[in-house]
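Dumped structure-v6.tsv below, it's TSV, C-alpha atoms:
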chain	number	residue	atom	x	y	z
A	1	MET	CA	43.47	135.33	59.81
A	2	LYS	CA	44.31	138.76	61.17
A	3	THR	CA	42.11	141.70	60.21
A	4	VAL	CA	43.21	145.33	60.06
A	5	SER	CA	40.16	147.56	59.61
A	6	ASP	CA	39.39	151.04	58.35
A	7	ILE	CA	42.68	151.83	56.65
A	8	ARG	CA	42.48	155.02	54.60
A	9	TYR	CA	44.01	154.69	51.14
A	10	ALA	CA	42.87	158.01	49.60
A	11	GLU	CA	41.46	161.34	50.80
A	12	GLU	CA	37.88	160.86	49.56
A	13	ALA	CA	35.49	159.96	52.39
A	14	PRO	CA	34.54	156.40	51.32
A	15	CYS	CA	38.13	155.35	50.57
A	16	LEU	CA	38.76	152.90	53.40
A	17	LEU	CA	39.86	149.29	53.15
A	18	GLU	CA	39.94	146.08	55.14
A	19	LEU	CA	43.17	144.11	55.19
A	20	TYR	CA	43.00	140.36	55.82
A	21	LEU	CA	46.42	138.94	56.64
A	22	PRO	CA	47.69	135.36	56.89
A	23	GLU	CA	48.88	134.60	60.42
A	24	GLY	CA	52.59	134.06	60.95
A	25	LYS	CA	53.69	134.53	57.34
A	26	ARG	CA	55.86	137.11	55.62
A	27	ASP	CA	56.61	137.82	51.96
A	28	PHE	CA	53.03	136.89	51.14
A	29	THR	CA	51.16	137.56	47.90
A	30	THR	CA	48.19	139.94	48.06
A	31	VAL	CA	44.84	139.93	46.28
A	32	VAL	CA	42.92	143.21	45.89
A	33	MET	CA	39.31	142.02	45.80
A	34	ILE	CA	36.93	144.84	44.80
A	35	HIS	CA	33.31	144.35	45.80
A	36	GLY	CA	30.40	144.28	43.37
A	37	GLY	CA	26.97	145.87	43.58
A	38	GLY	CA	26.44	147.69	40.31
A	39	LEU	CA	28.63	150.66	41.32
A	40	GLU	CA	25.87	151.72	43.70
A	41	ASN	CA	25.73	149.05	46.45
A	42	GLY	CA	28.02	146.80	48.47
A	43	GLY	CA	30.94	147.43	50.76
A	44	ARG	CA	34.38	146.45	51.94
A	45	ARG	CA	33.04	144.16	54.68
A	46	ASP	CA	31.16	141.97	52.21
A	47	GLU	CA	30.74	138.57	53.85
A	48	GLY	CA	31.51	136.66	50.65
A	49	ILE	CA	34.82	138.49	50.30
A	50	ARG	CA	35.63	137.82	53.94
A	51	GLU	CA	34.99	134.07	53.61
A	52	ASN	CA	37.13	133.82	50.49
A	53	ALA	CA	39.81	135.93	52.21
A	54	ARG	CA	39.79	133.49	55.11
A	55	ALA	CA	40.42	130.59	52.71
A	56	LEU	CA	43.20	132.49	50.94
A	57	ALA	CA	44.79	133.38	54.28
A	58	ARG	CA	45.02	129.68	55.12
A	59	MET	CA	47.15	129.37	51.98
A	60	GLY	CA	49.36	132.29	53.03
A	61	ILE	CA	47.73	134.96	50.82
A	62	ALA	CA	46.50	138.36	52.01
A	63	THR	CA	43.32	140.07	50.76
A	64	VAL	CA	42.54	143.78	50.50
A	65	SER	CA	38.87	144.77	50.30
A	66	PRO	CA	38.29	148.49	49.56
A	67	ASP	CA	35.28	150.75	49.61
A	68	TYR	CA	35.04	153.26	46.78
A	69	ARG	CA	32.80	156.11	45.64
A	70	MET	CA	29.50	154.92	44.14
A	71	PHE	CA	26.36	156.16	42.48
A	72	PRO	CA	24.28	158.24	43.11
A	73	ASP	CA	26.84	160.44	44.88
A	74	ALA	CA	29.73	159.56	42.56
A	75	ARG	CA	30.09	160.21	38.88
A	76	TYR	CA	32.13	158.39	36.25
A	77	PRO	CA	35.10	157.92	36.62
A	78	ASP	CA	35.31	158.44	40.42
A	79	PHE	CA	35.15	154.71	41.17
A	80	ILE	CA	37.91	153.87	38.67
A	81	GLU	CA	40.13	156.55	40.18
A	82	ASP	CA	39.55	154.99	43.60
A	83	ALA	CA	40.35	151.48	42.36
A	84	ALA	CA	43.65	152.76	40.96
A	85	ALA	CA	44.42	154.62	44.20
A	86	CYS	CA	43.80	151.44	46.18
A	87	ALA	CA	46.16	149.47	43.93
A	88	ALA	CA	48.79	152.16	44.43
A	89	TRP	CA	48.35	152.05	48.22
A	90	VAL	CA	48.84	148.28	48.23
A	91	LYS	CA	51.98	148.45	46.09
A	92	ARG	CA	53.35	151.23	48.32
A	93	GLU	CA	52.38	149.98	51.78
A	94	ILE	CA	51.90	146.20	51.79
A	95	ALA	CA	55.58	145.53	52.58
A	96	SER	CA	55.09	147.22	55.96
A	97	PHE	CA	52.55	144.48	56.77
A	98	GLY	CA	54.84	141.70	55.54
A	99	GLY	CA	53.81	141.49	51.89
A	100	SER	CA	56.12	140.58	49.02
A	101	GLY	CA	54.80	143.17	46.60
A	102	ARG	CA	53.23	140.55	44.29
A	103	VAL	CA	49.71	141.87	43.82
A	104	TYR	CA	46.66	140.56	41.98
A	105	ILE	CA	43.71	142.84	41.22
A	106	GLY	CA	40.17	141.63	40.72
A	107	GLY	CA	36.63	141.34	41.91
A	108	LEU	CA	33.14	140.25	41.01
A	109	SER	CA	30.65	142.07	38.78
A	110	ALA	CA	31.20	145.83	39.28
A	111	GLY	CA	34.49	145.05	41.01
A	112	ALA	CA	35.56	143.09	37.94
A	113	TYR	CA	34.52	145.96	35.66
A	114	LEU	CA	36.75	148.32	37.66
A	115	SER	CA	39.61	145.82	37.51
A	116	MET	CA	39.19	145.47	33.75
A	117	MET	CA	39.41	149.23	33.34
A	118	LEU	CA	42.73	149.25	35.22
A	119	CYS	CA	43.99	146.34	33.13
A	120	PHE	CA	43.05	147.50	29.64
A	121	ASP	CA	43.35	151.29	30.02
A	122	PRO	CA	46.92	151.88	31.27
A	123	SER	CA	46.26	155.55	32.02
A	124	TRP	CA	44.56	154.82	35.37
A	125	LEU	CA	47.53	153.05	36.94
A	126	ALA	CA	49.96	155.42	35.21
A	127	ARG	CA	48.55	158.31	37.24
A	128	HIS	CA	50.11	156.62	40.25
A	129	GLY	CA	53.38	155.71	38.58
A	130	LEU	CA	52.28	152.12	38.04
A	131	SER	CA	51.72	149.87	35.04
A	132	ASN	CA	50.57	146.32	34.36
A	133	ALA	CA	54.17	145.26	34.97
A	134	ASP	CA	53.42	145.93	38.65
A	135	VAL	CA	50.46	143.51	38.65
A	136	ALA	CA	50.98	139.75	38.91
A	137	GLY	CA	47.57	138.97	37.41
A	138	TYR	CA	43.95	140.05	37.09
A	139	LEU	CA	40.80	138.29	38.33
A	140	PHE	CA	37.59	139.11	36.46
A	141	GLY	CA	34.40	137.49	37.75
A	142	SER	CA	31.19	138.13	35.76
A	143	ALA	CA	32.45	141.50	34.55
A	144	GLN	CA	30.72	143.77	32.07
A	145	PRO	CA	33.35	144.52	29.39
A	146	THR	CA	31.07	147.00	27.60
A	147	LYS	CA	29.85	150.34	29.00
A	148	HIS	CA	28.58	149.55	32.51
A	149	PHE	CA	24.79	149.47	32.79
A	150	ASN	CA	24.73	152.00	35.64
A	151	VAL	CA	27.11	154.33	33.83
A	152	LEU	CA	24.46	154.22	31.12
A	153	LYS	CA	21.56	154.70	33.53
A	154	TYR	CA	23.06	157.67	35.34
A	155	ALA	CA	23.80	159.27	31.97
A	156	GLY	CA	20.10	158.99	31.10
A	157	GLU	CA	20.52	156.06	28.70
A	158	ASP	CA	18.70	152.74	28.57
A	159	PRO	CA	20.91	150.47	30.75
A	160	ARG	CA	20.30	147.55	28.35
A	161	ARG	CA	22.21	149.27	25.57
A	162	VAL	CA	25.49	147.71	24.45
A	163	ILE	CA	27.98	150.51	23.90
A	164	VAL	CA	31.72	150.22	23.45
A	165	ASP	CA	33.27	153.63	24.09
A	166	GLU	CA	36.12	154.88	26.27
A	167	THR	CA	34.17	153.88	29.43
A	168	ALA	CA	34.16	150.22	28.27
A	169	PRO	CA	37.09	147.88	28.99
A	170	LEU	CA	36.62	146.28	25.56
A	171	PHE	CA	37.28	149.64	23.87
A	172	HIS	CA	40.87	149.58	25.16
A	173	VAL	CA	41.79	146.10	23.93
A	174	VAL	CA	44.33	147.01	21.28
A	175	PRO	CA	47.28	145.19	19.67
A	176	GLY	CA	50.49	145.31	21.64
A	177	LEU	CA	48.92	146.15	25.01
A	178	CYS	CA	51.06	144.59	27.74
A	179	VAL	CA	48.92	142.73	30.27
A	180	PRO	CA	49.70	140.01	32.83
A	181	PRO	CA	47.81	136.70	33.01
A	182	MET	CA	44.10	137.07	33.62
A	183	GLN	CA	41.25	134.91	34.84
A	184	ILE	CA	37.87	135.52	33.18
A	185	LEU	CA	34.93	133.78	34.87
A	186	VAL	CA	31.26	133.97	33.94
A	187	SER	CA	28.19	131.86	34.75
A	188	ASP	CA	26.11	129.90	32.25
A	189	ASP	CA	22.94	131.51	33.68
A	190	ASP	CA	24.46	134.95	34.27
A	191	ILE	CA	22.81	138.33	33.75
A	192	THR	CA	21.26	138.57	30.29
A	193	ASN	CA	24.01	139.06	27.67
A	194	ARG	CA	26.82	138.88	30.26
A	195	ARG	CA	28.18	135.52	29.08
A	196	THR	CA	28.05	136.65	25.44
A	197	GLN	CA	29.93	139.85	26.24
A	198	ASN	CA	32.67	137.94	28.07
A	199	GLU	CA	32.96	135.53	25.14
A	200	LEU	CA	33.30	138.58	22.88
A	201	LEU	CA	36.09	139.90	25.10
A	202	VAL	CA	37.96	136.59	24.91
A	203	ALA	CA	37.46	136.42	21.14
A	204	THR	CA	38.73	140.00	20.81
A	205	LEU	CA	41.84	139.20	22.83
A	206	ALA	CA	42.53	136.31	20.47
A	207	HIS	CA	41.79	138.52	17.43
A	208	MET	CA	44.34	141.07	18.71
A	209	GLU	CA	46.88	138.24	19.03
A	210	PHE	CA	47.17	138.22	22.80
A	211	ASP	CA	48.87	135.16	24.26
A	212	MET	CA	45.77	133.08	25.05
A	213	ASP	CA	47.87	130.65	27.08
A	214	ARG	CA	47.82	133.43	29.70
A	215	VAL	CA	44.01	133.68	29.73
A	216	ASP	CA	42.07	131.40	32.08
A	217	PHE	CA	38.52	131.59	30.67
A	218	ARG	CA	35.83	129.49	32.31
A	219	VAL	CA	32.04	129.31	32.01
A	220	LEU	CA	30.78	128.05	35.37
A	221	HIS	CA	27.41	126.55	36.22
A	222	GLY	CA	25.20	128.94	38.15
A	223	THR	CA	23.74	132.42	38.24
A	224	HIS	CA	25.43	135.84	38.36
A	225	CYS	CA	28.49	135.58	40.63
A	226	SER	CA	27.02	132.56	42.44
A	227	PHE	CA	30.49	130.98	42.45
A	228	GLY	CA	31.59	133.81	44.75
A	229	LYS	CA	29.43	132.48	47.58
A	230	GLU	CA	29.42	128.74	46.94
A	231	THR	CA	31.36	126.14	48.90
A	232	ASP	CA	32.65	122.77	47.75
A	233	VAL	CA	31.83	119.39	49.31
A	234	TRP	CA	34.44	120.04	52.02
A	235	GLY	CA	32.97	123.44	52.87
A	236	ASN	CA	35.75	125.45	51.23
A	237	PRO	CA	34.87	128.61	49.25
A	238	VAL	CA	34.77	127.80	45.53
A	239	TYR	CA	36.01	131.20	44.38
A	240	ALA	CA	39.15	131.06	46.55
A	241	GLY	CA	39.91	127.66	45.01
A	242	LEU	CA	39.52	129.06	41.49
A	243	ILE	CA	41.87	131.93	42.33
A	244	LEU	CA	44.47	129.57	43.79
A	245	ASP	CA	44.30	127.31	40.74
A	246	PHE	CA	44.81	130.30	38.44
A	247	MET	CA	47.78	131.55	40.46
A	248	ARG	CA	49.47	128.16	40.34
A	249	ARG	CA	48.76	127.22	36.72
A	250	TYR	CA	49.04	130.60	34.99
A	251	CYS	CA	51.26	132.71	37.23
A	252	GLY	CA	53.71	130.28	38.78
A	253	GLU	CA	52.73	131.01	42.38
A	254	ASN	CA	54.08	128.46	44.83
A	255	VAL	CA	51.04	128.36	47.13

What would the structure in this file look like if it were written as structure tokens?
Amino acid sequence: MKTVSDIRYAEEAPCLLELYLPEGKRDFTTVVMIHGGGLENGGRRDEGIRENARALARMGIATVSPDYRMFPDARYPDFIEDAAACAAWVKREIASFGGSGRVYIGGLSAGAYLSMMLCFDPSWLARHGLSNADVAGYLFGSAQPTKHFNVLKYAGEDPRRVIVDETAPLFHVVPGLCVPPMQILVSDDDITNRRTQNELLVATLAHMEFDMDRVDFRVLHGTHCSFGKETDVWGNPVYAGLILDFMRRYCGENV
């Protein structure tokens, strides 16, 4: 795996990314993997992301891991704007590194929340001349589809509240919304109410008559995002394997 570090994708100070490239391959697919941490912690050099990127690189897939603005310095929707800007950079620049232009967007926890906002609210990608037609698929791991708990906290609200407003991915699930295939993962011992909220998201997609054959929903054994750091009996990262399976079964990737 080849690493290209500290690439600037937007003008704001934190907006740097790491690019993990498969060795000796061109026309590769790319995964944008946005780190978690409650919109206030974490970073682009997250070791879990790096280990999963290494496994994906062995299969000929590149990974982009961006930093983005976070609380307490940021305010809603700074981090969503940065996620969209990163997606736009990848679509614009990845060919110069050998990429095919097929891009998946996802992440764990807060990274999955940001990815959901790009998926279900088309206005964020549209600001960069993009749409869901430019995304091969989405990867949501233990996301919060309601108003994010730290968006609540920094607005002076009880972070346990369940609110569905314009800051919530679920708010934007409407009939006729064009979305690519998506993977929705959650743990059976996740954060309190997180599994229930993801089940509500899946039920709402079905209620709005989305094509559920394009939704890979799985409840995994473990705690919040534990699958992101686990390895299988052969020592391979579990999350990378889940992503690869989704790409093959739901998106037709030949990897």

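The closest residue to Ile80 in chain A, picked from A:Met208, A:Val135, A:Leu244, A:Ala168 and counting all atoms listed in the file, is A:Ala168.
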
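If you look at CA of Lys147 in chain A and CA of Val219 in chain A, they are 21.4 Å away from each other.
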
Name all residues at most 10 Å from Pro237 in chain A (count all atoms listed in the file; drop same-chain ones fewer than 6 positions away) and give them as a list of chain:residue names. A:Gly48, A:Ile49, A:Glu51, A:Asn52, A:Ala53, A:Arg54, A:Ala55, A:Leu56, A:Phe227, A:Gly228, A:Lys229, A:Glu230, A:Thr231

Write out as AutoDock Vina command-line options an axis-aligned box for range 94-110 of chain A: all of its atoms listed in the file, 3 Å added on each side, centre and edge lengths in Å with one decimal.
--center_x 43.4 --center_y 143.7 --center_z 47.8 --size_x 31.5 --size_y 13.0 --size_z 24.0

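Put simply, CA of Val215 in chain A is 27.5 Å away from CA of Tyr68 in chain A.
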
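Computed from the coordinates, the CA of Phe140 in chain A to CA of Glu93 in chain A distance equals 23.9 Å.
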
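Within 8 Å of Ile7 in chain A, once all atoms listed in the file are used and residues closer than 4 positions along the same chain are dropped, the contacting residues are Leu16, Leu17, Glu18 and Leu19 of chain A.
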
Restrict the selected residues to C-alpha atoms and save them as a PDB file, keeping the file's coordinate frame.
ATOM      1  CA  LEU A  16      38.760 152.900  53.400  1.00  0.00           C
ATOM      2  CA  LEU A  17      39.860 149.290  53.150  1.00  0.00           C
ATOM      3  CA  GLU A  18      39.940 146.080  55.140  1.00  0.00           C
ATOM      4  CA  LEU A  19      43.170 144.110  55.190  1.00  0.00           C
TER       5      LEU A  19
END

What lies within 8 Å of Val255 in chain A using all atoms listed in the file, ignoring chain neighbours under 4 positions off, as an NGL selection string? :A and (59-60 or 244 or 248)

For Ile243 in chain A: contacts at 12 Å, only C-alpha atoms, fewer than 4 positions along chain excluded, given as a PyMOL selection string: chain A and resi 30-33+52-53+55-56+59+61+63+104-107+137-141+182-185+216+218+227-228+237-239+247-251+253+255

Distance criterion (only C-alpha atoms): nearest to Phe171 in chain A out of A:Asp121, A:Pro159, A:Lys153, A:Gly101: A:Asp121

Residue with the minimum atom-to-atom distance to Arg58 in chain A, picked from A:Asp190, A:Ser100, A:Ala240, A:Glu209 with only C-alpha atoms counted, is A:Ala240

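Comparing A:Val64, A:Leu201, A:Ala85, A:Cys178 by their smallest distance to Ala10 in chain A, the closest is A:Ala85 (using all atoms listed in the file).
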
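Proximity of A:Arg69, A:His224, A:Trp124, A:Phe217 to Leu242 in chain A, computed with all atoms listed in the file, is greatest for A:Phe217.
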
Quick one: everything within 12 Å of Gly129 in chain A, counting only C-alpha atoms, minus sequence neighbours fewer than 4 positions away in the same chain. Send it as a list in words. Ala84, Ala85, Ala87, Ala88, Trp89, Lys91, Arg92, Pro122, Ser123, Trp124, Leu125, Ala133 and Asp134 of chain A
